[in-house]
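> My questions all concern the structure below.
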Amino acid sequence: PRDGVGKGSARQARRDGQVPAVIYGNKEEPILLTLERRVLVKELTNPQFFIQLVDVEVAGTKHRVLPRDVQFHPVSDVPMHVDFLRFDPKRKINAAVPVVFEGEDDCPGLKTGGVLNIVRYEVEVLCTADNIPPELILQLAGLEVGDSMHASAVNLPDGVEFAITDRDFTIATIAAPTVAIVEDDEGEEGEDGAEGEGSD
């Protein structure tokens, strides 16, 4: 638990290698606490940190929470504060879920030199905190250059819907290979020059 409210208390916690945090939600009183910085930094390497329920134990009481926000120092990038939302089995929330692509070896478009152009690395879904999928899988097998993968190609689990519902948005495309054309500027200049001399 974190004793005291305000910047002074938070600064002291950071000096002691701690990160101030708060647990809020469900119309209950917020709980102020501090976390060990090294433990938090390790947890932040998990790409599913913000979409995974965790148990935070404070003064002997466990709280089921979802990490919602981490504030970082603008220069050192050290975590400065964490917000945890109390779990409510009835409340639907927005969550950004990473997209994973499978079947690259069976994708004709990529085999012929096409490039996977990812429009959205994450897609926002709406569901309860205990039903957030760890990832959304898109199959590349059979796709040709010029093909696009839209939201409709994703099989969402029951109880999960896209936060964007007004259109079948694009997640990725198989783009044509880009070929750089290098022009021989010197050769063109030489030819122009020769023509100019001959016409005089």
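We label chains A, B, ... in the order they appear in the structure tokens, count residues from 1 in each chain, and number ligands from 1 in the order shown.
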Give me, as JSON, numbers by chain, all polymer residues having an atom no more than 6 Å from A:Arg64, counting only C-alpha atoms and skipping those fewer than 2 positions away in the same chain.
{"A": [54, 55, 87]}
> Could you name the residues that touch stretch 70-79 of chain A at 10 Å or less, counting only C-alpha atoms, but leaving out those on the same chain fewer than 2 positions away, as a list in words?
Arg14, Gln18, Val19, Pro20, Ala21, Arg37, Leu40, Val41, Leu44, Phe50, Pro67, Arg68, His81, Val82, Asp83 and Phe84 of chain A
> Enumerate as a PyMOL selection string all residues of stretch 75-195 of chain A assigned to alpha helix (DSSP H) by DSSP on the backbone, naming them with the chain letters and numbers the document uses.
chain A and resi 108-111+185-195
> Please produce a file of those selected residues containing N, CA, C and O atoms, as a PDB file, in the first residue's frame.

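What ended up in selection30.pdb:
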```
ATOM      1  N   PRO A 108       0.952 -17.852 -52.379  1.00  0.00           N
ATOM      2  CA  PRO A 108       1.545 -17.616 -53.710  1.00  0.00           C
ATOM      3  C   PRO A 108       2.015 -16.181 -53.905  1.00  0.00           C
ATOM      4  O   PRO A 108       3.042 -15.937 -54.539  1.00  0.00           O
ATOM      5  N   GLY A 109       1.264 -15.230 -53.362  1.00  0.00           N
ATOM      6  CA  GLY A 109       1.631 -13.825 -53.523  1.00  0.00           C
ATOM      7  C   GLY A 109       2.992 -13.498 -52.937  1.00  0.00           C
ATOM      8  O   GLY A 109       3.776 -12.748 -53.520  1.00  0.00           O
ATOM      9  N   LEU A 110       3.304 -14.070 -51.767  1.00  0.00           N
ATOM     10  CA  LEU A 110       4.609 -13.824 -51.144  1.00  0.00           C
ATOM     11  C   LEU A 110       5.715 -14.613 -51.844  1.00  0.00           C
ATOM     12  O   LEU A 110       6.845 -14.147 -51.957  1.00  0.00           O
ATOM     13  N   LYS A 111       5.369 -15.806 -52.336  1.00  0.00           N
ATOM     14  CA  LYS A 111       6.375 -16.635 -52.997  1.00  0.00           C
ATOM     15  C   LYS A 111       6.855 -16.018 -54.306  1.00  0.00           C
ATOM     16  O   LYS A 111       7.985 -16.246 -54.724  1.00  0.00           O
ATOM     17  N   ASP A 185      21.497   9.217 -65.678  1.00  0.00           N
ATOM     18  CA  ASP A 185      21.450  10.655 -65.948  1.00  0.00           C
ATOM     19  C   ASP A 185      22.613  11.111 -66.825  1.00  0.00           C
ATOM     20  O   ASP A 185      22.467  11.925 -67.712  1.00  0.00           O
ATOM     21  N   GLU A 186      23.802  10.545 -66.550  1.00  0.00           N
ATOM     22  CA  GLU A 186      24.987  10.985 -67.292  1.00  0.00           C
ATOM     23  C   GLU A 186      24.846  10.651 -68.764  1.00  0.00           C
ATOM     24  O   GLU A 186      25.168  11.425 -69.647  1.00  0.00           O
ATOM     25  N   GLY A 187      24.344   9.446 -69.051  1.00  0.00           N
ATOM     26  CA  GLY A 187      24.198   9.015 -70.443  1.00  0.00           C
ATOM     27  C   GLY A 187      23.237   9.921 -71.179  1.00  0.00           C
ATOM     28  O   GLY A 187      23.458  10.294 -72.324  1.00  0.00           O
ATOM     29  N   GLU A 188      22.121  10.300 -70.515  1.00  0.00           N
ATOM     30  CA  GLU A 188      21.129  11.160 -71.159  1.00  0.00           C
ATOM     31  C   GLU A 188      21.723  12.534 -71.455  1.00  0.00           C
ATOM     32  O   GLU A 188      21.515  13.117 -72.501  1.00  0.00           O
ATOM     33  N   GLU A 189      22.500  13.041 -70.484  1.00  0.00           N
ATOM     34  CA  GLU A 189      23.105  14.358 -70.677  1.00  0.00           C
ATOM     35  C   GLU A 189      24.076  14.342 -71.849  1.00  0.00           C
ATOM     36  O   GLU A 189      24.140  15.246 -72.658  1.00  0.00           O
ATOM     37  N   GLY A 190      24.844  13.229 -71.937  1.00  0.00           N
ATOM     38  CA  GLY A 190      25.819  13.108 -73.018  1.00  0.00           C
ATOM     39  C   GLY A 190      25.138  13.116 -74.372  1.00  0.00           C
ATOM     40  O   GLY A 190      25.585  13.750 -75.309  1.00  0.00           O
ATOM     41  N   GLU A 191      24.011  12.367 -74.447  1.00  0.00           N
ATOM     42  CA  GLU A 191      23.293  12.295 -75.716  1.00  0.00           C
ATOM     43  C   GLU A 191      22.732  13.661 -76.089  1.00  0.00           C
ATOM     44  O   GLU A 191      22.809  14.102 -77.219  1.00  0.00           O
ATOM     45  N   ASP A 192      22.181  14.357 -75.077  1.00  0.00           N
ATOM     46  CA  ASP A 192      21.622  15.688 -75.340  1.00  0.00           C
ATOM     47  C   ASP A 192      22.703  16.613 -75.854  1.00  0.00           C
ATOM     48  O   ASP A 192      22.513  17.387 -76.788  1.00  0.00           O
ATOM     49  N   GLY A 193      23.880  16.508 -75.200  1.00  0.00           N
ATOM     50  CA  GLY A 193      24.977  17.384 -75.578  1.00  0.00           C
ATOM     51  C   GLY A 193      25.423  17.132 -77.005  1.00  0.00           C
ATOM     52  O   GLY A 193      25.674  18.037 -77.778  1.00  0.00           O
ATOM     53  N   ALA A 194      25.512  15.849 -77.375  1.00  0.00           N
ATOM     54  CA  ALA A 194      25.972  15.486 -78.732  1.00  0.00           C
ATOM     55  C   ALA A 194      25.000  16.013 -79.780  1.00  0.00           C
ATOM     56  O   ALA A 194      25.403  16.527 -80.801  1.00  0.00           O
ATOM     57  N   GLU A 195      23.688  15.887 -79.450  1.00  0.00           N
ATOM     58  CA  GLU A 195      22.696  16.372 -80.404  1.00  0.00           C
ATOM     59  C   GLU A 195      22.818  17.888 -80.577  1.00  0.00           C
ATOM     60  O   GLU A 195      22.714  18.414 -81.663  1.00  0.00           O
TER      61      GLU A 195
END
```
> Interatomic distance between atom CA of A:Cys127 and atom CA of A:Asp158?
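A separation of 9.4 Å between them.
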> Tell me, which residues of stretch 63-181 of chain A carry DSSP strand (DSSP E or B), written as number ranges by chain?
A: 63-72, 79-86, 92-102, 115-118, 122-128, 136-139, 148-150, 161-162, 170-175
> For stretch 169-177 of chain A, list every protein, DNA or RNA residue within 12 Å, evaluated using only C-alpha atoms, and leave out those in the same chain fewer than 3 positions away; present the list as a PyMOL selection string.
chain A and resi 98-101+104+107-124+136-154+162-166+180
> Return the single residue from A:Arg38, A:Thr45, A:Glu57, A:Arg11 that is closest to A:Ile23, with distances computed using only C-alpha atoms.
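For A:Ile23, the nearest of the candidates is A:Glu57.
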> Tell me, in Å to one decimal, how far atom CA of A:Pro133 is from atom CA of A:Asn46.
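About the pair atom CA of A:Pro133 and atom CA of A:Asn46: they are 14.6 Å apart.
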> Using only C-alpha atoms, pick whichever of A:Lys90, A:Val56, A:Ala96, A:Asp105 has the shortest atom-to-atom distance to A:Gly159.
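That would be A:Lys90, the residue with the smallest distance to A:Gly159.
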